Amino acid sequence: MSVLDVRDLRTHFFTRAGVVKAVDGVSFTLEKGEILGLVGESGSGKTVTGFSLLGLVDPPGRIVEGSIRLNGKELVGMSDRDLRKRRGREISMVFQDPIATLNPMLTIGQQMRMALEAHGRVGPRAAVTRSEELLAKVGIPSPRARLRSYPHEFSGGMRQRVAIAIALLHSPSVIVADEPTTALDVSIQAQILHTMRDLARETGTALIWISHDLAVVSSLATRLAVMYAGRVVEEGPTAAILRDPRHPYTAGLIASLPAMAEPGTALTQIPGTTPSLLSLPPGCPFAPRCTHATEACTSEPVLERHGTRGWACFHPVGGVPA
Amino acid sequence: MSFLSVDRVTRRFGPTLSLGEKIAARLGADVETRAVQAVNDVTLAVEKGRTLGLVGESGCGKSTLGRVIAGILAPSEGAVLLDGQPVMQGTNKVTTRVQTVFQDPFASLDPRMKVGEAVAEGPIAHGLTARAQAAEYVAGWFARVGLDPAWAERYPHQFSGGQRQRIAIARALAMQPDLLICDEPVASLDVSIQAQIINLFLDLRRDLGLTCVFISHDLSVVRHICDRMAVMYLGRIVEEGETGAVFDSPAHPYTRALLASVPELVLDGEELVRFAPIQGEVPSPYDPPAGCHYNPRCPFAQDRCRAEAPALRLLPNGRHAACHFAEELPAG
Ligand SMILES: Nc1ncnc2c1ncn2[C@@H]1O[C@H](COP(=O)(O)OP(=O)(O)OP(=O)(O)O)[C@@H](O)[C@H]1O
Ligand SMILES: Nc1ncnc2c1ncn2[C@@H]1O[C@H](COP(=O)(O)OP(=O)(O)OP(=O)(O)O)[C@@H](O)[C@H]1O
Ligand SMILES: [Mg+2]
Ligand SMILES: [Mg+2]
């Protein structure tokens, strides 16, 4: 059984200007200890997908359709009370900005103890032991002394490690990490990537790593899901997708990286601009920007599976396999 | 004489203390009273028509150096000369020949001003166009950066991030600069939009013969567009040289570690992505280590590195590096 099984998830925002279909057909599965990279351009629905998994979507938004099974239990339609019980313990989230997660008025030790007590009583000594263990695991030097520090006494990279340690306190089955290194420096980013990769390996926690930086996610994700306009348009093993992208959008994304071009030459561009979610054309949302598009693309392709991978396209790069 | 020369520039920031804090500090409270040496004795040269990349970890002084070169901040010591002429006299910028494009195009545009007016403002003030011809002048620059000239009547919030960055570029170029300072101009943009802006930059640089200083923490972008690059660490330049050569054979241990730390798609053989983290964190800029600032994190550090700050010196291969042992480092 997969740890997480997401099927045809749709989360819409009912705004005055119209219905924003932020997530509109997202499916993927996640096995124990697996790292899934969720990539796509700004506004493609990555964060809303993450929020949906944790039951954190607030009005005017709501999940209108689909299924999220966490350890076999259906989360869509579950009461707030039951969801809260699972949040933090079975699934937790690390946000882009650790400052938003940490309370500036409390010491790290106090915050970790509160997070532990959210799911039952914990003695003070046990709380210190567990907190110290996790700070050590994410690579904070002299963890016991650090429990008495306040967030502002840490650098940005160390704060993000503390946020990761808090997400790990209850050894959840799944952690959703939303651009956790975007605000950090390249060098610190690499340290955190290493830490996360080792942790997933050691603890069996499955990770969903959200990012718009393909190189960064690919450095640790075993699988990738590529989002465009609220949908997963391609999904599969990282190596297969990078070497042999099938969806024209994925191919465009990879080709536009500076690393893919000779220095000084023009980069490959995806023509056109990101569509407004309020006025998507019928059919494939990428069709207006796609060099492969034909008449067929006015109806919407679904994500079809081909072995370990899948794509939602009538005219995939390299043709349709027999 | 080079087109741009940065001559022994130092920029310090004193602590900005309130009266209360000053009293508290006097009474022995824990208030930061030390100055930060954000840029420390930097000497650089850029030839006409060339692009110099400026890289380094957060807080190393890239933006401060960029602002000093642009004449936005006065140096505490040293001078910046453009074509032999000083960019600043005292604390006043005395040239319009250098312009800047910043990371966040939204913050640099007045939300209540039509974007066309924002672009026209500087050129009118400096007599580059008459008020009567301003609309036409702006339309020309809009077209040049790939914006519909009719959009000059719109306000900043009506544009996407990539479009706003084009407006910021149009505004800088409308001043007809010879030197353009770009401070992380693509950092806040999506990959697909980033590619558009980089391509625009490459075109403009070629067509207008611009000289550029390009600040970025994205090394793949720097490798793509810069002729030469300078690596900063805690206010000092630790290496400078031809971009391809620096990437192929970094001379300073810090450059090596920095280049290795960036996840890079390689896609050949078994490997997909390559990276190795730098050990340790950047020391506090208030209290940089004695000798070479990089010595606590450097695997090759010796006693001399802890005692004596290495000068940036010319190596036999044409590279500049500030390392006592640059010639003796093990390969790899
Ligand atoms: N509360 C809300 N009300 C209305 N629309 C919303 C709301 N929250 C998100 N959206 C819309 O949903 C879409 C998806 O947003 P989301 O934040 O998931 O994008 P993302 O892929 O995470 O982008 P980024 O890379 O910029 O973080 C966007 O068009 C956004 O404007
Ligand atoms: N106005 C200021 N007052 C006091 N200190 C400052 C000021 N501006 C910059 N500094 C300090 O100078 C140092 C260099 O900052 P700078 O912004 O130049 O770094 P940077 O290399 O551009 O970093 P980043 O990559 O994060 O933009 C930092 O320690 C910073 O805190
Ligand atoms: Mg997001
Ligand atoms: Mg900066």
# chains A, B, ... in the order shown; residues from 1 in each chain; ligands from 1
>>> residues_near_ligand(ligand="ligand 4", cutoff="10 Å", atoms="only C-alpha atoms and all ligand atoms", output="list in words")
Val55, Gly56, Glu57, Ser58, Gly59, Cys60, Gly61, Lys62, Ser63, Thr64, Leu65, Gly66, Arg67, Phe102, Gln103, Asp183, Glu184, Ile215, Ser216 and His217 of chain B
>>> interface_residues(of="chain B", to="chain A", cutoff="10 Å", atoms="only C-alpha atoms", output="PyMOL selection string")
chain B and resi 56-59+160+162+189-203+217-227+243-244+257-268+270-282+284
>>> write_last_selection(atoms="C-alpha atoms", output="PDB file, in the first residue's frame")
ATOM      1  CA  GLY B  56      29.319  34.934  -3.533  1.00  0.00           C
ATOM      2  CA  GLU B  57      27.179  33.911  -0.588  1.00  0.00           C
ATOM      3  CA  SER B  58      24.484  36.100   0.900  1.00  0.00           C
ATOM      4  CA  GLY B  59      25.887  39.053   2.805  1.00  0.00           C
ATOM      5  CA  SER B 160       3.520  40.139 -14.549  1.00  0.00           C
ATOM      6  CA  GLY B 162       8.711  39.251 -16.240  1.00  0.00           C
ATOM      7  CA  LEU B 189      11.509  35.032 -12.080  1.00  0.00           C
ATOM      8  CA  ASP B 190      10.327  31.617 -13.241  1.00  0.00           C
ATOM      9  CA  VAL B 191      12.673  29.539 -15.368  1.00  0.00           C
ATOM     10  CA  SER B 192      10.706  30.077 -18.557  1.00  0.00           C
ATOM     11  CA  ILE B 193      10.491  33.850 -17.989  1.00  0.00           C
ATOM     12  CA  GLN B 194      14.087  33.925 -16.800  1.00  0.00           C
ATOM     13  CA  ALA B 195      15.130  32.576 -20.206  1.00  0.00           C
ATOM     14  CA  GLN B 196      13.239  35.399 -21.957  1.00  0.00           C
ATOM     15  CA  ILE B 197      14.930  38.085 -19.855  1.00  0.00           C
ATOM     16  CA  ILE B 198      18.381  36.564 -20.291  1.00  0.00           C
ATOM     17  CA  ASN B 199      17.871  36.456 -24.059  1.00  0.00           C
ATOM     18  CA  LEU B 200      16.717  40.077 -24.027  1.00  0.00           C
ATOM     19  CA  PHE B 201      19.799  41.007 -22.034  1.00  0.00           C
ATOM     20  CA  LEU B 202      22.108  39.222 -24.497  1.00  0.00           C
ATOM     21  CA  ASP B 203      20.488  41.052 -27.449  1.00  0.00           C
ATOM     22  CA  HIS B 217      23.890  33.930  -6.861  1.00  0.00           C
ATOM     23  CA  ASP B 218      22.839  31.692  -9.749  1.00  0.00           C
ATOM     24  CA  LEU B 219      26.135  30.436 -11.084  1.00  0.00           C
ATOM     25  CA  SER B 220      24.638  28.852 -14.187  1.00  0.00           C
ATOM     26  CA  VAL B 221      23.322  32.280 -15.223  1.00  0.00           C
ATOM     27  CA  VAL B 222      26.719  33.889 -14.601  1.00  0.00           C
ATOM     28  CA  ARG B 223      28.466  31.192 -16.578  1.00  0.00           C
ATOM     29  CA  HIS B 224      26.066  31.762 -19.418  1.00  0.00           C
ATOM     30  CA  ILE B 225      26.377  35.509 -19.833  1.00  0.00           C
ATOM     31  CA  CYS B 226      29.556  36.835 -18.195  1.00  0.00           C
ATOM     32  CA  ASP B 227      32.948  37.217 -19.856  1.00  0.00           C
ATOM     33  CA  THR B 243      34.489  32.915 -16.570  1.00  0.00           C
ATOM     34  CA  GLY B 244      35.079  29.652 -18.403  1.00  0.00           C
ATOM     35  CA  ALA B 257      33.684  24.887  -2.754  1.00  0.00           C
ATOM     36  CA  LEU B 258      31.144  27.433  -4.022  1.00  0.00           C
ATOM     37  CA  LEU B 259      31.078  25.978  -7.533  1.00  0.00           C
ATOM     38  CA  ALA B 260      30.767  22.439  -6.181  1.00  0.00           C
ATOM     39  CA  SER B 261      27.880  23.346  -3.864  1.00  0.00           C
ATOM     40  CA  VAL B 262      25.447  24.294  -6.611  1.00  0.00           C
ATOM     41  CA  PRO B 263      23.190  21.492  -7.795  1.00  0.00           C
ATOM     42  CA  GLU B 264      23.887  21.267 -11.489  1.00  0.00           C
ATOM     43  CA  LEU B 265      22.096  19.111 -14.029  1.00  0.00           C
ATOM     44  CA  VAL B 266      24.736  17.092 -15.815  1.00  0.00           C
ATOM     45  CA  LEU B 267      22.645  14.345 -17.402  1.00  0.00           C
ATOM     46  CA  ASP B 268      25.567  12.338 -18.664  1.00  0.00           C
ATOM     47  CA  GLU B 270      24.975   7.636 -14.426  1.00  0.00           C
ATOM     48  CA  GLU B 271      24.912  11.072 -12.884  1.00  0.00           C
ATOM     49  CA  LEU B 272      21.967  13.468 -13.055  1.00  0.00           C
ATOM     50  CA  VAL B 273      22.838  16.217 -10.659  1.00  0.00           C
ATOM     51  CA  ARG B 274      26.136  17.024  -9.041  1.00  0.00           C
ATOM     52  CA  PHE B 275      26.739  18.982  -5.841  1.00  0.00           C
ATOM     53  CA  ALA B 276      28.663  18.916  -2.572  1.00  0.00           C
ATOM     54  CA  PRO B 277      27.873  21.254   0.321  1.00  0.00           C
ATOM     55  CA  ILE B 278      30.468  23.695   1.693  1.00  0.00           C
ATOM     56  CA  GLN B 279      31.235  22.830   5.282  1.00  0.00           C
ATOM     57  CA  GLY B 280      30.474  25.346   8.017  1.00  0.00           C
ATOM     58  CA  GLU B 281      28.636  28.658   7.747  1.00  0.00           C
ATOM     59  CA  VAL B 282      29.672  32.170   6.808  1.00  0.00           C
ATOM     60  CA  SER B 284      29.685  36.947  11.348  1.00  0.00           C
TER      61      SER B 284
END
>>> residues_around(residues="stretch 309-320 of chain B", least_positions_apart="4", cutoff="9 Å", atoms="only C-alpha atoms", output="list in words")
Thr43, Ile237, Val238, Glu239, Glu240, Gly241, Glu242, Ala245, Val246, Ala251, Ala290, Gly291, Cys292, His293, Arg304, Cys305, His324, Ala326 and Glu327 of chain B
>>> write_last_selection(atoms="all heavy atoms", output="compact mmCIF listing (two decimals), in the first residue's frame")
# COMPACT_ATOMS: atom_id res chain seq x y z
N THR B 43 39.58 46.06 -5.62
CA THR B 43 40.08 46.65 -6.85
C THR B 43 39.65 45.76 -8.01
O THR B 43 39.82 44.54 -7.94
CB THR B 43 41.62 46.76 -6.82
OG1 THR B 43 41.96 47.68 -5.78
CG2 THR B 43 42.18 47.26 -8.14
N ILE B 237 37.40 40.43 -2.58
CA ILE B 237 37.44 39.62 -3.79
C ILE B 237 38.47 38.53 -3.55
O ILE B 237 39.62 38.82 -3.22
CB ILE B 237 37.88 40.46 -5.02
CG1 ILE B 237 36.96 41.67 -5.21
CG2 ILE B 237 37.96 39.59 -6.27
CD1 ILE B 237 35.64 41.38 -5.83
N VAL B 238 38.08 37.27 -3.70
CA VAL B 238 39.05 36.20 -3.49
C VAL B 238 39.55 35.62 -4.81
O VAL B 238 40.60 34.97 -4.85
CB VAL B 238 38.50 35.07 -2.59
CG1 VAL B 238 38.20 35.60 -1.19
CG2 VAL B 238 37.27 34.41 -3.20
N GLU B 239 38.78 35.84 -5.90
CA GLU B 239 39.26 35.35 -7.19
C GLU B 239 38.61 36.15 -8.30
O GLU B 239 37.47 36.59 -8.17
CB GLU B 239 38.93 33.86 -7.36
CG GLU B 239 39.39 33.30 -8.70
CD GLU B 239 39.52 31.78 -8.71
OE1 GLU B 239 39.27 31.14 -7.68
OE2 GLU B 239 39.90 31.25 -9.78
N GLU B 240 39.36 36.35 -9.38
CA GLU B 240 38.82 37.07 -10.53
C GLU B 240 39.47 36.49 -11.77
O GLU B 240 40.67 36.21 -11.77
CB GLU B 240 39.13 38.57 -10.41
CG GLU B 240 38.37 39.48 -11.35
CD GLU B 240 39.00 39.64 -12.72
OE1 GLU B 240 40.22 39.37 -12.87
OE2 GLU B 240 38.28 40.02 -13.65
N GLY B 241 38.68 36.26 -12.80
CA GLY B 241 39.27 35.74 -14.02
C GLY B 241 38.24 35.51 -15.10
O GLY B 241 37.07 35.86 -14.93
N GLU B 242 38.67 34.94 -16.19
CA GLU B 242 37.81 34.65 -17.33
C GLU B 242 36.82 33.57 -16.87
O GLU B 242 37.21 32.57 -16.27
CB GLU B 242 38.69 34.19 -18.48
CG GLU B 242 38.07 34.28 -19.83
CD GLU B 242 37.62 32.91 -20.29
OE1 GLU B 242 38.45 31.99 -20.29
OE2 GLU B 242 36.42 32.77 -20.60
N ALA B 245 37.34 29.81 -17.57
CA ALA B 245 38.54 29.30 -16.90
C ALA B 245 38.31 29.14 -15.40
O ALA B 245 38.75 28.16 -14.80
CB ALA B 245 39.71 30.25 -17.16
N VAL B 246 37.58 30.09 -14.80
CA VAL B 246 37.32 29.98 -13.36
C VAL B 246 36.47 28.73 -13.09
O VAL B 246 36.74 27.97 -12.15
CB VAL B 246 36.61 31.24 -12.82
CG1 VAL B 246 36.17 31.04 -11.37
CG2 VAL B 246 37.52 32.45 -12.94
N ALA B 251 40.88 28.71 -8.77
CA ALA B 251 42.18 28.81 -8.13
C ALA B 251 42.08 28.94 -6.62
O ALA B 251 42.97 28.55 -5.89
CB ALA B 251 42.95 30.01 -8.69
N ALA B 290 40.63 36.41 11.71
CA ALA B 290 41.89 37.07 11.35
C ALA B 290 42.51 36.34 10.17
O ALA B 290 42.16 35.20 9.87
CB ALA B 290 42.84 37.04 12.55
N GLY B 291 43.45 37.01 9.51
CA GLY B 291 44.13 36.39 8.37
C GLY B 291 43.19 36.29 7.19
O GLY B 291 42.42 37.21 6.90
N CYS B 292 43.25 35.16 6.49
CA CYS B 292 42.32 34.92 5.38
C CYS B 292 40.95 34.66 5.99
O CYS B 292 40.79 33.78 6.83
CB CYS B 292 42.79 33.71 4.56
SG CYS B 292 41.57 33.20 3.34
N HIS B 293 39.91 35.43 5.55
CA HIS B 293 38.57 35.26 6.12
C HIS B 293 38.03 33.85 5.94
O HIS B 293 37.15 33.41 6.66
CB HIS B 293 37.59 36.25 5.46
CG HIS B 293 37.77 37.65 5.93
ND1 HIS B 293 38.51 37.98 7.04
CD2 HIS B 293 37.28 38.82 5.43
CE1 HIS B 293 38.48 39.30 7.20
NE2 HIS B 293 37.74 39.83 6.23
N ARG B 304 49.96 30.26 8.43
CA ARG B 304 50.10 31.55 7.76
C ARG B 304 48.72 32.14 7.41
O ARG B 304 48.51 33.36 7.47
CB ARG B 304 50.93 31.36 6.50
CG ARG B 304 51.24 32.67 5.82
CD ARG B 304 52.22 32.49 4.68
NE ARG B 304 52.29 33.72 3.91
CZ ARG B 304 52.62 33.76 2.63
NH1 ARG B 304 52.92 32.63 1.99
NH2 ARG B 304 52.66 34.91 1.99
N CYS B 305 47.75 31.25 7.06
CA CYS B 305 46.42 31.71 6.66
C CYS B 305 45.67 32.31 7.84
O CYS B 305 44.77 33.13 7.67
CB CYS B 305 45.62 30.55 6.10
SG CYS B 305 46.47 29.66 4.79
N HIS B 324 47.35 32.32 -0.22
CA HIS B 324 48.80 32.16 -0.09
C HIS B 324 49.30 30.94 -0.86
O HIS B 324 50.43 30.90 -1.31
CB HIS B 324 49.17 31.97 1.38
CG HIS B 324 48.91 33.18 2.23
ND1 HIS B 324 49.42 34.41 1.92
CD2 HIS B 324 48.18 33.34 3.37
CE1 HIS B 324 49.02 35.29 2.85
NE2 HIS B 324 48.26 34.65 3.73
N ALA B 326 47.76 29.30 -3.57
CA ALA B 326 47.02 29.03 -4.80
C ALA B 326 47.75 28.08 -5.75
O ALA B 326 47.14 27.24 -6.39
CB ALA B 326 46.68 30.33 -5.52
N GLU B 327 49.08 28.22 -5.83
CA GLU B 327 49.84 27.39 -6.78
C GLU B 327 50.04 25.97 -6.26
O GLU B 327 50.38 25.07 -7.01
CB GLU B 327 51.22 27.98 -7.06
CG GLU B 327 51.20 29.28 -7.85
CD GLU B 327 51.15 30.50 -6.94
OE1 GLU B 327 50.75 30.35 -5.76
OE2 GLU B 327 51.51 31.59 -7.41
>>> select_by_dssp(residues="stretch 62-197 of chain B", states="strand (DSSP E)", output="list in words")
Glu77, Gly78, Ala79, Val80, Leu81, Leu82, Gln85, Pro86, Met88, Gln89, Asn92, Lys93, Val98, Gln99, Thr100, Val101, Leu179, Leu180, Ile181, Cys182 and Asp183 of chain B
>>> closest_residue(among="A:Ile68, A:Pro282, A:Leu83, A:Met196", to="A:Lys137", atoms="only C-alpha atoms")
A:Met196
>>> closest_residue(among="A:Leu277, A:Leu168, A:Arg231, A:Ser173", to="A:Thr15", atoms="only C-alpha atoms")
A:Leu277
>>> residues_near_ligand(ligand="ligand 1", cutoff="6 Å", atoms="only C-alpha atoms and all ligand atoms", output="ChimeraX atom specification")
/A:13,20,22,41-48,277
>>> closest_residue(among="B:Ala35, B:Met175, B:Val9, B:Leu234", to="B:Val80", atoms="only C-alpha atoms")
B:Val9
>>> residues_around(residues="A:Ala221", least_positions_apart="5", cutoff="7 Å", atoms="only C-alpha atoms", output="list in words")
Ile35, Leu36, Gly37 and Thr238 of chain A
>>> closest_residue(among="B:Gly14, B:Pro250, B:Pro75, B:Pro177", to="ligand 2", atoms="only C-alpha atoms and all ligand atoms")
B:Gly14
>>> atom_distance(atom1="atom CA of A:His315", atom2="atom CA of A:Ser211")
26.5 Å
>>> closest_residue(among="B:Ala45, B:Ala130, B:Cys182, B:Leu210", to="ligand 2", atoms="only C-alpha atoms and all ligand atoms")
B:Cys182
>>> residues_around(residues="A:Thr11", least_positions_apart="6", cutoff="10 Å", atoms="only C-alpha atoms", output="ChimeraX atom specification")
/A:20-26,45,48-49,51-52,57,61-66,230
>>> write_last_selection(atoms="all heavy atoms", output="short mmCIF file (atom, residue, chain, number, x, y, z; two decimals), in the first residue's frame")
data_model
loop_
_atom_site.label_atom_id
_atom_site.label_comp_id
_atom_site.auth_asym_id
_atom_site.auth_seq_id
_atom_site.Cartn_x
_atom_site.Cartn_y
_atom_site.Cartn_z
N VAL A 20 -11.35 30.18 -9.49
CA VAL A 20 -9.95 29.92 -9.81
C VAL A 20 -9.69 28.43 -9.57
O VAL A 20 -9.70 27.97 -8.43
CB VAL A 20 -9.02 30.77 -8.92
CG1 VAL A 20 -7.56 30.45 -9.24
CG2 VAL A 20 -9.28 32.25 -9.12
N LYS A 21 -9.47 27.70 -10.65
CA LYS A 21 -9.24 26.25 -10.53
C LYS A 21 -7.75 26.02 -10.29
O LYS A 21 -7.02 25.62 -11.19
CB LYS A 21 -9.74 25.54 -11.77
CG LYS A 21 -11.24 25.72 -11.96
CD LYS A 21 -11.73 25.07 -13.22
CE LYS A 21 -13.25 25.26 -13.32
NZ LYS A 21 -13.77 24.75 -14.60
N ALA A 22 -7.31 26.32 -9.05
CA ALA A 22 -5.89 26.32 -8.73
C ALA A 22 -5.31 24.92 -8.87
O ALA A 22 -4.20 24.74 -9.36
CB ALA A 22 -5.68 26.84 -7.32
N VAL A 23 -6.05 23.92 -8.40
CA VAL A 23 -5.65 22.52 -8.59
C VAL A 23 -6.80 21.86 -9.32
O VAL A 23 -7.95 21.93 -8.87
CB VAL A 23 -5.36 21.84 -7.23
CG1 VAL A 23 -5.11 20.36 -7.41
CG2 VAL A 23 -4.17 22.50 -6.55
N ASP A 24 -6.51 21.27 -10.47
CA ASP A 24 -7.60 20.79 -11.30
C ASP A 24 -7.24 19.49 -12.01
O ASP A 24 -7.19 19.41 -13.23
CB ASP A 24 -7.96 21.88 -12.33
CG ASP A 24 -9.39 21.74 -12.82
OD1 ASP A 24 -10.24 21.31 -12.02
OD2 ASP A 24 -9.63 22.05 -14.00
N GLY A 25 -6.96 18.48 -11.20
CA GLY A 25 -6.61 17.19 -11.78
C GLY A 25 -5.19 16.82 -11.42
O GLY A 25 -4.32 16.78 -12.28
N VAL A 26 -4.95 16.56 -10.11
CA VAL A 26 -3.62 16.16 -9.68
C VAL A 26 -3.69 14.74 -9.14
O VAL A 26 -4.50 14.44 -8.27
CB VAL A 26 -3.09 17.12 -8.59
CG1 VAL A 26 -1.92 16.51 -7.84
CG2 VAL A 26 -2.67 18.45 -9.22
N GLY A 45 0.03 25.83 -9.06
CA GLY A 45 -0.79 25.12 -8.09
C GLY A 45 -0.02 24.23 -7.13
O GLY A 45 -0.61 23.41 -6.42
N VAL A 48 -0.93 25.15 -3.37
CA VAL A 48 -2.32 24.78 -3.08
C VAL A 48 -2.44 23.26 -2.99
O VAL A 48 -3.17 22.73 -2.15
CB VAL A 48 -3.28 25.39 -4.12
CG1 VAL A 48 -4.70 24.90 -3.88
CG2 VAL A 48 -3.25 26.92 -4.04
N THR A 49 -1.70 22.54 -3.81
CA THR A 49 -1.68 21.08 -3.69
C THR A 49 -1.19 20.67 -2.30
O THR A 49 -1.81 19.85 -1.63
CB THR A 49 -0.77 20.45 -4.78
OG1 THR A 49 -1.26 20.82 -6.06
CG2 THR A 49 -0.73 18.94 -4.67
N PHE A 51 -1.13 22.44 0.49
CA PHE A 51 -2.12 22.83 1.49
C PHE A 51 -3.30 21.86 1.49
O PHE A 51 -3.83 21.51 2.55
CB PHE A 51 -2.61 24.26 1.23
CG PHE A 51 -1.73 25.31 1.85
CD1 PHE A 51 -0.36 25.20 1.82
CD2 PHE A 51 -2.29 26.43 2.49
CE1 PHE A 51 0.46 26.17 2.40
CE2 PHE A 51 -1.48 27.40 3.08
CZ PHE A 51 -0.11 27.28 3.02
N SER A 52 -3.71 21.42 0.31
CA SER A 52 -4.84 20.49 0.22
C SER A 52 -4.52 19.18 0.95
O SER A 52 -5.36 18.63 1.65
CB SER A 52 -5.16 20.18 -1.25
OG SER A 52 -5.44 21.36 -1.95
N VAL A 57 -6.60 24.30 3.32
CA VAL A 57 -7.18 25.26 2.37
C VAL A 57 -8.34 25.98 3.05
O VAL A 57 -9.25 25.35 3.58
CB VAL A 57 -7.68 24.55 1.10
CG1 VAL A 57 -8.32 25.55 0.15
CG2 VAL A 57 -6.55 23.82 0.41
N GLY A 61 -11.61 28.91 -0.77
CA GLY A 61 -11.17 27.72 -1.48
C GLY A 61 -11.70 26.46 -0.81
O GLY A 61 -11.97 26.46 0.39
N ARG A 62 -11.91 25.42 -1.62
CA ARG A 62 -12.16 24.11 -1.02
C ARG A 62 -11.87 23.01 -2.03
O ARG A 62 -11.82 23.24 -3.24
CB ARG A 62 -13.59 24.00 -0.48
CG ARG A 62 -14.66 24.11 -1.53
CD ARG A 62 -16.04 24.09 -0.86
NE ARG A 62 -17.05 24.54 -1.79
CZ ARG A 62 -17.65 23.74 -2.67
NH1 ARG A 62 -17.36 22.45 -2.73
NH2 ARG A 62 -18.54 24.23 -3.51
N ILE A 63 -11.65 21.80 -1.49
CA ILE A 63 -11.45 20.64 -2.34
C ILE A 63 -12.82 20.28 -2.89
O ILE A 63 -13.74 20.01 -2.13
CB ILE A 63 -10.87 19.46 -1.53
CG1 ILE A 63 -9.49 19.85 -0.98
CG2 ILE A 63 -10.78 18.21 -2.39
CD1 ILE A 63 -8.84 18.80 -0.11
N VAL A 64 -12.97 20.33 -4.23
CA VAL A 64 -14.29 20.07 -4.80
C VAL A 64 -14.41 18.63 -5.29
O VAL A 64 -15.51 18.14 -5.51
CB VAL A 64 -14.61 21.04 -5.96
CG1 VAL A 64 -14.75 22.46 -5.44
CG2 VAL A 64 -13.55 20.97 -7.05
N GLU A 65 -13.28 17.96 -5.47
CA GLU A 65 -13.35 16.62 -6.02
C GLU A 65 -12.05 15.89 -5.74
O GLU A 65 -11.03 16.51 -5.50
CB GLU A 65 -13.55 16.72 -7.54
CG GLU A 65 -14.49 15.68 -8.12
CD GLU A 65 -14.58 15.82 -9.63
OE1 GLU A 65 -15.02 16.89 -10.10
OE2 GLU A 65 -14.20 14.86 -10.32
N GLY A 66 -12.09 14.57 -5.81
CA GLY A 66 -10.88 13.78 -5.72
C GLY A 66 -10.71 13.09 -4.39
O GLY A 66 -11.55 13.22 -3.49
N GLY A 230 -2.47 23.89 -12.82
CA GLY A 230 -3.28 23.12 -11.88
C GLY A 230 -3.31 21.62 -12.10
O GLY A 230 -3.92 20.89 -11.33
#
>>> residues_around(residues="B:Lys114", least_positions_apart="5", cutoff="7 Å", atoms="only C-alpha atoms", output="MDAnalysis selection string")
chainID B and resid 152:155
>>> closest_residue(among="B:Gly20, B:Pro289, B:Pro253, B:Pro283", to="B:Ala322", atoms="only C-alpha atoms")
B:Pro253
>>> residues_around(residues="A:Phe28", least_positions_apart="2", cutoff="12 Å", atoms="only C-alpha atoms", output="PyMOL selection string")
chain A and resi 2-9+25-26+30-31+36-38+49+53+66-69+208+223-227+231-236+303-305+308-311
